[in-house]
>>> print(open('target.cif').read())   # mmCIF, C-alpha atoms and all ligand atoms
data_protein
#
loop_
_atom_site.label_atom_id
_atom_site.label_comp_id
_atom_site.auth_asym_id
_atom_site.auth_seq_id
_atom_site.Cartn_x
_atom_site.Cartn_y
_atom_site.Cartn_z
CA MET T 1 -1.08 4.93 -23.08
CA ARG T 2 1.78 2.70 -22.01
CA LEU T 3 3.68 3.37 -18.82
CA LEU T 4 7.23 2.06 -18.46
CA GLY T 5 8.25 3.16 -22.01
CA ASP T 6 11.73 1.73 -22.50
CA ASN T 7 12.07 0.43 -18.93
CA PRO T 8 13.59 -3.08 -19.08
CA LEU T 9 10.82 -4.30 -16.77
CA MET T 10 8.25 -3.54 -19.46
CA ARG T 11 6.46 -6.68 -20.57
CA ASP T 12 4.74 -6.92 -23.93
CA ASP T 13 1.95 -9.06 -22.54
CA LEU T 14 0.94 -6.52 -19.87
CA VAL T 15 -0.67 -3.08 -20.25
CA ILE T 16 -0.66 -0.58 -17.37
CA ASP T 17 -2.90 2.45 -17.72
CA PRO T 18 -3.67 5.40 -15.43
CA LEU T 19 -7.36 6.13 -14.91
CA ASP T 20 -7.13 9.74 -16.14
CA LYS T 21 -6.29 8.35 -19.59
CA ARG T 22 -8.66 5.38 -19.38
CA PRO T 23 -11.58 6.27 -17.05
CA ASP T 24 -13.53 3.38 -18.58
CA LEU T 25 -11.22 0.97 -16.72
CA ALA T 26 -12.44 2.06 -13.25
CA PRO T 27 -14.70 -1.00 -12.72
CA MET T 28 -11.63 -3.25 -13.13
CA VAL T 29 -9.86 -1.36 -10.34
CA TRP T 30 -12.71 -2.05 -7.92
CA GLN T 31 -12.95 -5.70 -8.98
CA LEU T 32 -9.61 -6.23 -7.21
CA SER T 33 -10.83 -4.96 -3.82
CA TYR T 34 -11.49 -8.54 -2.73
CA VAL T 35 -7.75 -9.18 -2.29
CA TRP T 36 -7.85 -7.59 1.20
CA PRO T 37 -9.30 -9.34 4.26
CA THR T 38 -12.54 -7.65 5.38
CA TYR T 39 -11.05 -6.08 8.52
CA MET T 40 -8.39 -4.33 6.42
CA THR T 41 -11.13 -2.46 4.57
CA GLN T 42 -12.65 -0.93 7.73
CA ASP T 43 -10.25 1.98 8.23
CA PRO T 44 -12.47 5.10 7.86
CA VAL T 45 -9.58 7.08 6.37
CA SER T 46 -9.06 4.44 3.68
CA HIS T 47 -12.78 4.41 3.03
CA PHE T 48 -12.70 8.17 2.41
CA TYR T 49 -9.79 7.80 -0.04
CA PHE T 50 -11.25 4.93 -2.02
CA THR T 51 -14.64 6.68 -2.23
CA THR T 52 -13.19 9.91 -3.63
CA VAL T 53 -10.06 8.93 -5.57
CA GLU T 54 -11.78 8.29 -8.88
CA ARG T 55 -13.21 11.83 -8.83
CA ASP T 56 -10.28 13.65 -7.20
CA HIS T 57 -7.13 11.86 -8.39
CA PRO T 58 -7.78 9.47 -11.30
CA GLU T 59 -4.23 10.19 -12.50
CA HIS T 60 -2.98 8.49 -9.30
CA VAL T 61 -4.70 5.17 -10.01
CA LEU T 62 -3.11 2.49 -12.21
CA VAL T 63 -4.67 -0.66 -13.53
CA ALA T 64 -2.77 -3.51 -15.17
CA TYR T 65 -4.32 -6.06 -17.50
CA GLU T 66 -3.17 -8.61 -20.01
CA ALA T 67 -2.96 -7.27 -23.54
CA ALA T 68 -4.76 -10.41 -24.72
CA ARG T 69 -7.54 -10.17 -22.09
CA PRO T 70 -8.30 -6.48 -21.62
CA ASP T 71 -11.35 -7.12 -19.42
CA VAL T 72 -9.47 -9.03 -16.68
CA PRO T 73 -7.55 -6.91 -14.14
CA VAL T 74 -4.14 -8.26 -13.12
CA ALA T 75 -3.09 -5.58 -10.62
CA ARG T 76 -3.82 -2.09 -9.37
CA ALA T 77 -1.84 0.69 -7.73
CA PHE T 78 -2.78 3.86 -5.85
CA THR T 79 -0.88 6.99 -4.80
CA VAL T 80 -1.90 10.31 -3.22
CA PRO T 81 -0.37 13.80 -3.68
CA PHE T 82 0.15 16.24 -0.79
CA GLU T 83 2.16 19.25 0.31
CA PHE T 84 5.32 18.40 2.27
CA GLY T 85 8.32 20.27 3.65
CA THR T 86 6.39 23.06 5.37
CA ALA T 87 6.87 23.98 9.04
CA GLN T 88 3.90 21.79 10.01
CA ARG T 89 5.00 18.92 7.77
CA SER T 90 8.74 18.78 8.12
CA SER T 91 9.08 15.05 8.75
CA LEU T 92 7.31 11.91 7.67
CA PRO T 93 4.41 11.25 10.05
CA ASP T 94 4.00 8.44 12.59
CA ASP T 95 0.52 7.80 11.21
CA GLY T 96 1.83 6.96 7.71
CA TRP T 97 -1.06 5.81 5.51
CA ASP T 98 -3.78 7.64 7.45
CA ALA T 99 -1.75 10.87 7.59
CA VAL T 100 -0.97 11.18 3.89
CA ILE T 101 -4.59 10.58 2.95
CA ARG T 102 -5.75 13.27 5.41
CA TRP T 103 -3.02 15.66 4.25
CA GLY T 104 -3.97 15.10 0.61
CA ALA T 105 -7.66 15.69 1.28
CA LEU T 106 -7.00 18.82 3.33
CA ASP T 107 -4.67 20.22 0.67
CA LEU T 108 -7.21 19.61 -2.06
CA SER T 109 -9.99 21.32 -0.14
CA LEU T 110 -7.76 24.32 0.71
CA GLY T 111 -6.39 24.63 -2.84
CA ARG T 112 -2.78 23.95 -1.86
CA THR T 113 -0.36 22.72 -4.51
CA PRO T 114 1.00 19.26 -3.77
CA THR T 115 4.78 18.84 -3.71
CA HIS T 116 5.12 15.12 -2.98
CA VAL T 117 3.35 11.84 -3.56
CA SER T 118 2.88 8.84 -1.31
CA ALA T 119 2.33 5.30 -2.50
CA LEU T 120 -0.71 3.73 -0.90
CA GLU T 121 -1.21 0.30 -2.40
CA ILE T 122 -0.03 -2.16 -4.99
CA ALA T 123 -2.17 -5.28 -5.17
CA ILE T 124 -1.79 -8.19 -7.54
CA ARG T 125 -4.48 -10.70 -8.30
CA PRO T 126 -3.69 -13.83 -6.19
CA GLU T 127 -3.30 -16.20 -9.14
CA ARG T 128 -0.74 -13.84 -10.72
CA ARG T 129 1.50 -13.50 -7.65
CA GLY T 130 5.03 -14.91 -7.55
CA GLU T 131 5.85 -13.87 -11.16
CA GLY T 132 7.84 -10.77 -10.28
CA LEU T 133 4.98 -8.36 -11.02
CA ALA T 134 5.48 -6.40 -7.80
CA ALA T 135 8.61 -4.77 -9.25
CA VAL T 136 6.81 -4.08 -12.54
CA LEU T 137 3.94 -2.30 -10.78
CA LEU T 138 6.31 -0.33 -8.57
CA ALA T 139 8.31 0.77 -11.63
CA ALA T 140 5.07 1.85 -13.32
CA MET T 141 4.06 3.77 -10.17
CA ARG T 142 7.41 5.56 -10.11
CA ASP T 143 7.09 6.40 -13.83
CA ASN T 144 3.57 7.67 -13.33
CA VAL T 145 4.58 9.93 -10.44
CA GLN T 146 7.33 11.38 -12.66
CA ARG T 147 4.84 11.82 -15.50
CA LEU T 148 2.80 13.94 -13.10
CA GLY T 149 5.79 16.19 -12.45
CA PHE T 150 6.99 15.00 -9.03
CA THR T 151 10.56 14.10 -8.14
CA GLU T 152 10.05 12.21 -4.89
CA LEU T 153 7.76 9.36 -3.91
CA PHE T 154 7.28 8.26 -0.31
CA ALA T 155 5.73 4.94 0.69
CA PRO T 156 4.39 3.85 4.11
CA VAL T 157 5.24 0.28 3.18
CA ARG T 158 3.30 -2.61 4.69
CA PRO T 159 5.99 -5.33 4.91
CA THR T 160 4.10 -8.44 3.90
CA GLY T 161 6.37 -10.96 5.65
CA LYS T 162 5.75 -9.31 9.03
CA ALA T 163 2.44 -11.21 9.18
CA ASN T 164 4.51 -14.33 9.93
CA GLU T 165 6.16 -12.63 12.93
CA LEU T 166 3.36 -10.89 14.78
CA HIS T 167 5.31 -10.40 18.00
CA THR T 168 8.56 -9.07 16.55
CA PRO T 169 8.76 -5.28 16.93
CA MET T 170 8.63 -3.56 13.53
CA SER T 171 11.71 -1.56 14.54
CA GLU T 172 13.64 -4.84 14.53
CA TYR T 173 11.89 -6.58 11.62
CA ALA T 174 12.13 -3.71 9.12
CA PHE T 175 15.91 -3.43 9.34
CA ARG T 176 16.72 -7.12 9.10
CA THR T 177 18.85 -7.85 6.05
CA ARG T 178 19.98 -10.89 4.08
CA ASP T 179 23.60 -11.76 3.31
CA ASP T 180 23.41 -9.66 0.14
CA GLY T 181 22.48 -6.58 2.20
CA LEU T 182 18.90 -6.35 0.89
CA PRO T 183 15.94 -6.36 3.32
CA ALA T 184 14.82 -9.78 4.53
CA ASP T 185 11.20 -8.77 3.98
CA PRO T 186 10.14 -9.47 0.37
CA TRP T 187 8.09 -6.30 -0.16
CA LEU T 188 10.69 -4.00 1.40
CA ARG T 189 13.23 -5.77 -0.81
CA VAL T 190 11.24 -4.87 -3.94
CA HIS T 191 11.20 -1.20 -2.86
CA VAL T 192 14.92 -1.08 -2.07
CA ARG T 193 15.88 -2.86 -5.28
CA ALA T 194 13.82 -0.28 -7.19
CA GLY T 195 15.89 2.51 -5.61
CA GLY T 196 13.98 3.20 -2.37
CA GLU T 197 15.69 3.96 0.94
CA ILE T 198 14.21 2.83 4.24
CA VAL T 199 13.70 5.92 6.41
CA ARG T 200 11.99 4.78 9.60
CA VAL T 201 9.05 2.96 11.12
CA CYS T 202 5.65 4.66 11.21
CA PRO T 203 4.25 2.99 14.34
CA ARG T 204 0.58 3.75 13.71
CA ALA T 205 0.32 3.81 9.92
CA MET T 206 -3.33 2.70 9.96
CA VAL T 207 -5.76 2.35 12.88
CA ILE T 208 -8.83 0.14 12.64
CA SER T 209 -11.23 0.07 15.58
CA GLY T 210 -14.55 -1.65 16.04
CA SER T 211 -16.98 -3.08 18.56
CA LEU T 212 -16.53 -6.77 19.35
CA VAL T 213 -19.61 -7.60 17.26
CA GLU T 214 -17.97 -5.85 14.32
CA TRP T 215 -14.63 -7.62 14.79
CA ARG T 216 -16.44 -10.99 14.97
CA GLU T 217 -18.23 -10.18 11.70
CA TRP T 218 -15.03 -9.00 9.99
CA THR T 219 -12.86 -11.95 11.05
CA GLY T 220 -15.09 -14.85 12.14
CA LEU T 221 -13.02 -15.01 15.36
CA PRO T 222 -14.64 -15.02 18.85
CA PHE T 223 -13.09 -11.86 20.34
CA ASP T 224 -14.31 -13.10 23.74
CA ARG T 225 -11.22 -12.50 25.90
CA THR T 226 -9.46 -9.32 26.89
CA GLY T 227 -5.91 -9.20 25.58
CA ASP T 228 -4.06 -9.57 22.31
CA VAL T 229 -5.79 -11.41 19.45
CA GLU T 230 -3.89 -12.91 16.52
CA VAL T 231 -5.73 -12.33 13.25
CA PRO T 232 -4.48 -13.89 9.99
CA GLY T 233 -2.77 -11.36 7.75
CA ALA T 234 -2.34 -8.73 10.47
CA LEU T 235 1.20 -7.47 11.11
CA VAL T 236 0.83 -7.17 14.91
CA PRO T 237 -1.74 -8.54 17.40
CA ILE T 238 -5.06 -6.73 17.79
CA HIS T 239 -5.88 -5.25 21.21
CA CYS T 240 -9.22 -6.48 22.54
CA SER T 241 -11.17 -5.24 25.60
CA VAL T 242 -14.23 -7.28 26.51
CA GLU T 243 -15.05 -4.87 29.37
CA HIS T 244 -15.19 -1.89 27.03
CA ASP T 245 -16.60 -3.76 24.02
CA HIS T 246 -14.00 -2.69 21.50
CA ALA T 247 -10.90 -3.94 19.74
CA VAL T 248 -8.24 -1.85 18.01
CA TYR T 249 -5.69 -2.77 15.37
CA VAL T 250 -2.76 -0.37 15.19
CA GLU T 251 -0.85 -1.37 12.07
CA PRO T 252 2.77 -0.23 11.83
CA GLY T 253 4.42 0.56 8.51
CA VAL T 254 7.85 1.49 7.24
CA TRP T 255 8.57 4.78 5.49
CA VAL T 256 10.52 4.34 2.27
CA ARG T 257 11.71 7.27 0.14
CA HIS T 258 12.15 6.99 -3.63
CA ARG T 259 14.08 9.83 -5.27
CA LEU T 260 12.98 9.87 -8.88
CA SER T 261 15.44 12.12 -10.62
C1 LIG T 301 2.81 -7.78 -2.07
C2 LIG T 301 2.57 -8.18 -3.52
C3 LIG T 301 2.28 -6.93 -4.33
C4 LIG T 301 3.87 -8.83 -4.03
O1 LIG T 301 3.68 -9.31 -5.32
P1 LIG T 301 4.03 -10.83 -5.70
O2 LIG T 301 3.59 -11.10 -7.08
O3 LIG T 301 3.46 -11.70 -4.63
O4 LIG T 301 5.59 -10.87 -5.55
P2 LIG T 301 6.71 -10.98 -6.69
O5 LIG T 301 6.56 -12.26 -7.42
O6 LIG T 301 6.74 -9.74 -7.51
O7 LIG T 301 8.00 -11.10 -5.78
C5 LIG T 301 8.46 -10.01 -4.99
C6 LIG T 301 9.44 -10.56 -3.97
O8 LIG T 301 8.70 -11.30 -3.00
C7 LIG T 301 9.18 -12.64 -2.94
N1 LIG T 301 8.01 -13.48 -2.70
C8 LIG T 301 6.98 -13.67 -3.53
N2 LIG T 301 6.08 -14.48 -2.94
C9 LIG T 301 6.57 -14.77 -1.71
C10 LIG T 301 6.10 -15.56 -0.62
N3 LIG T 301 4.93 -16.20 -0.67
N4 LIG T 301 6.87 -15.64 0.48
C11 LIG T 301 8.05 -14.98 0.56
N5 LIG T 301 8.54 -14.22 -0.46
C12 LIG T 301 7.81 -14.11 -1.56
C13 LIG T 301 9.83 -12.91 -4.26
O9 LIG T 301 10.82 -13.90 -4.17
C14 LIG T 301 10.42 -11.54 -4.58
O10 LIG T 301 11.64 -11.32 -3.93
P3 LIG T 301 13.01 -11.51 -4.77
O11 LIG T 301 12.84 -10.71 -6.02
O12 LIG T 301 14.06 -10.99 -3.90
O13 LIG T 301 13.11 -12.96 -5.08
C15 LIG T 301 1.42 -9.20 -3.67
O14 LIG T 301 1.70 -10.35 -2.90
C16 LIG T 301 0.06 -8.66 -3.24
O15 LIG T 301 -0.67 -8.09 -4.04
N6 LIG T 301 -0.33 -8.85 -1.95
C17 LIG T 301 -1.59 -8.35 -1.41
C18 LIG T 301 -1.59 -6.85 -1.28
C19 LIG T 301 -0.38 -6.34 -0.54
O16 LIG T 301 -0.02 -6.83 0.53
N7 LIG T 301 0.25 -5.29 -1.09
C20 LIG T 301 1.44 -4.68 -0.50
C21 LIG T 301 1.11 -3.65 0.49
S1 LIG T 301 0.27 -2.28 -0.21
#
>>> encode(input="target.cif", output="structure tokens", more="lines below")
Ligand SMILES: CC(C)(COP(=O)(O)OP(=O)(O)OC[C@H]1O[C@@H](n2cnc3c(N)ncnc32)[C@H](O)[C@@H]1OP(=O)(O)O)[C@@H](O)C(=O)NCCC(=O)NCCS
Amino acid sequence: MRLLGDNPLMRDDLVIDPLDKRPDLAPMVWQLSYVWPTYMTQDPVSHFYFTTVERDHPEHVLVAYEAARPDVPVARAFTVPFEFGTAQRSSLPDDGWDAVIRWGALDLSLGRTPTHVSALEIAIRPERRGEGLAAVLLAAMRDNVQRLGFTELFAPVRPTGKANELHTPMSEYAFRTRDDGLPADPWLRVHVRAGGEIVRVCPRAMVISGSLVEWREWTGLPFDRTGDVEVPGALVPIHCSVEHDHAVYVEPGVWVRHRLS
């Protein structure tokens, strides 16, 4: 199956398949897990999602590979479906990524019909970055969500450039624009150019906590002083308490809405 049909972003050299059509490609999806720093893989909510997605939502997983090298993954993308617009879920949640995974899991176990989809991740193999593939994967994600019958896609976007400005509040960073009116952040720019609208900040999109021994293992940093710790790749500093032997990373995100029809 080929996503992107007649979309002008379609590239002949790249194939993008959903796992429900090609379950045999699942190992290639997991081969790309190494792109995240270890600490980013310690969120228990994420762990739940990645452990169950192949069984519960293979249609929400995309894998891209070169037509000429079908055994080498180039990129992957994940989404999650959930019910939205009810009295309890009338606005996009402060706990972006973690919330939509919990909502999706709860809905599945209670037999509720999902009405919306949230993007969770697009990751490109490091040696294939900088070629414009982010827009291609996002277009394929949007097409896939439409294929599944949904008309709206939300995304608790993780603005990649924020890692260079740890101390800037996300509420300021996310709304910074260039002279052409597009977001200054490269990843938010890809979303907006694809048709997404920035809605608001989700201040605690993902929360990762651990003992100081765990944080030292995950990062190789000392975590030996109480206060903020700067960890490469993080979007804000990590709060460390030596007295209480724990550190907590509260990662903010930015809600983006894509209307698909
Ligand atoms: C975020 C990611 C998907 C972007 O893909 P990419 O291949 O690096 O980026 P692209 O080549 O498609 O370029 C997208 C935009 O980012 C800009 N960009 C690319 N690399 C950049 C860099 N190192 N610094 C600043 N801007 C950069 C491009 O200029 C482009 O903007 P433009 O179209 O306005 O010129 C990719 O870097 C990645 O997989 N990162 C790790 C996982 C991740 O953070 N995913 C996103 C959150 S889920």
>>> residues_near_ligand(input="target.cif", ligand="ligand LIG 301 (chain T)", cutoff="8 Å", atoms="only C-alpha atoms and all ligand atoms", output="mmCIF file with C-alpha atoms, in the coordinates of the input")
data_model
loop_
_atom_site.group_PDB
_atom_site.id
_atom_site.type_symbol
_atom_site.label_atom_id
_atom_site.label_comp_id
_atom_site.auth_asym_id
_atom_site.auth_seq_id
_atom_site.Cartn_x
_atom_site.Cartn_y
_atom_site.Cartn_z
ATOM 1 C CA VAL T 35 -7.750 -9.180 -2.290
ATOM 2 C CA TRP T 36 -7.850 -7.590 1.200
ATOM 3 C CA ALA T 75 -3.090 -5.580 -10.620
ATOM 4 C CA LEU T 120 -0.710 3.730 -0.900
ATOM 5 C CA GLU T 121 -1.210 0.300 -2.400
ATOM 6 C CA ILE T 122 -0.030 -2.160 -4.990
ATOM 7 C CA ALA T 123 -2.170 -5.280 -5.170
ATOM 8 C CA ILE T 124 -1.790 -8.190 -7.540
ATOM 9 C CA ARG T 125 -4.480 -10.700 -8.300
ATOM 10 C CA PRO T 126 -3.690 -13.830 -6.190
ATOM 11 C CA ARG T 128 -0.740 -13.840 -10.720
ATOM 12 C CA ARG T 129 1.500 -13.500 -7.650
ATOM 13 C CA GLY T 130 5.030 -14.910 -7.550
ATOM 14 C CA GLU T 131 5.850 -13.870 -11.160
ATOM 15 C CA GLY T 132 7.840 -10.770 -10.280
ATOM 16 C CA LEU T 133 4.980 -8.360 -11.020
ATOM 17 C CA ALA T 134 5.480 -6.400 -7.800
ATOM 18 C CA ALA T 135 8.610 -4.770 -9.250
ATOM 19 C CA VAL T 136 6.810 -4.080 -12.540
ATOM 20 C CA VAL T 157 5.240 0.280 3.180
ATOM 21 C CA ARG T 158 3.300 -2.610 4.690
ATOM 22 C CA PRO T 159 5.990 -5.330 4.910
ATOM 23 C CA THR T 160 4.100 -8.440 3.900
ATOM 24 C CA GLY T 161 6.370 -10.960 5.650
ATOM 25 C CA ASP T 185 11.200 -8.770 3.980
ATOM 26 C CA PRO T 186 10.140 -9.470 0.370
ATOM 27 C CA TRP T 187 8.090 -6.300 -0.160
ATOM 28 C CA ARG T 189 13.230 -5.770 -0.810
ATOM 29 C CA VAL T 190 11.240 -4.870 -3.940
#
>>> residues_around(input="target.cif", residues="Val207 of chain T", least_positions_apart="3", cutoff="12 Å", atoms="all atoms listed in the file", output="list in words")
Tyr39, Met40, Thr41, Gln42, Asp43, Pro44, Val45, Ser46, Asp94, Asp95, Gly96, Trp97, Asp98, Ala99, Cys202, Pro203, Arg204, Gly210, Ala234, Val236, Ile238, His239, Ala247, Val248, Tyr249, Val250, Glu251, Pro252 and Gly253 of chain T
>>> atom_distance(input="target.cif", atom1="atom CA of Asp143 of chain T", atom2="atom CA of Arg176 of chain T")
28.3 Å
>>> atom_distance(input="target.cif", atom1="atom CA of Asp180 of chain T", atom2="atom CA of Gly196 of chain T")
16.1 Å
>>> closest_residue(input="target.cif", among="T:Cys240, T:Ala205, T:Leu153, T:Leu221", to="Ser261 of chain T", atoms="only C-alpha atoms")
T:Leu153
>>> closest_residue(input="target.cif", among="T:Met28, T:Leu106, T:Val242, T:Leu260", to="Arg147 of chain T", atoms="only C-alpha atoms")
T:Leu260
>>> residues_around(input="target.cif", residues="segment 15-20 of chain T", least_positions_apart="2", cutoff="10 Å", atoms="all atoms listed in the file", output="tab-separated table (two decimals) with C-alpha atoms, in the coordinates of the input")
chain	number	residue	atom	x	y	z
T	1	MET	CA	-1.08	4.93	-23.08
T	2	ARG	CA	1.78	2.70	-22.01
T	3	LEU	CA	3.68	3.37	-18.82
T	4	LEU	CA	7.23	2.06	-18.46
T	10	MET	CA	8.25	-3.54	-19.46
T	11	ARG	CA	6.46	-6.68	-20.57
T	12	ASP	CA	4.74	-6.92	-23.93
T	13	ASP	CA	1.95	-9.06	-22.54
T	22	ARG	CA	-8.66	5.38	-19.38
T	23	PRO	CA	-11.58	6.27	-17.05
T	24	ASP	CA	-13.53	3.38	-18.58
T	25	LEU	CA	-11.22	0.97	-16.72
T	26	ALA	CA	-12.44	2.06	-13.25
T	29	VAL	CA	-9.86	-1.36	-10.34
T	54	GLU	CA	-11.78	8.29	-8.88
T	55	ARG	CA	-13.21	11.83	-8.83
T	57	HIS	CA	-7.13	11.86	-8.39
T	58	PRO	CA	-7.78	9.47	-11.30
T	59	GLU	CA	-4.23	10.19	-12.50
T	60	HIS	CA	-2.98	8.49	-9.30
T	61	VAL	CA	-4.70	5.17	-10.01
T	62	LEU	CA	-3.11	2.49	-12.21
T	63	VAL	CA	-4.67	-0.66	-13.53
T	64	ALA	CA	-2.77	-3.51	-15.17
T	65	TYR	CA	-4.32	-6.06	-17.50
T	66	GLU	CA	-3.17	-8.61	-20.01
T	67	ALA	CA	-2.96	-7.27	-23.54
T	68	ALA	CA	-4.76	-10.41	-24.72
T	70	PRO	CA	-8.30	-6.48	-21.62
T	73	PRO	CA	-7.55	-6.91	-14.14
T	74	VAL	CA	-4.14	-8.26	-13.12
T	75	ALA	CA	-3.09	-5.58	-10.62
T	76	ARG	CA	-3.82	-2.09	-9.37
T	77	ALA	CA	-1.84	0.69	-7.73
T	78	PHE	CA	-2.78	3.86	-5.85
T	136	VAL	CA	6.81	-4.08	-12.54
T	137	LEU	CA	3.94	-2.30	-10.78
T	140	ALA	CA	5.07	1.85	-13.32
T	141	MET	CA	4.06	3.77	-10.17
T	144	ASN	CA	3.57	7.67	-13.33
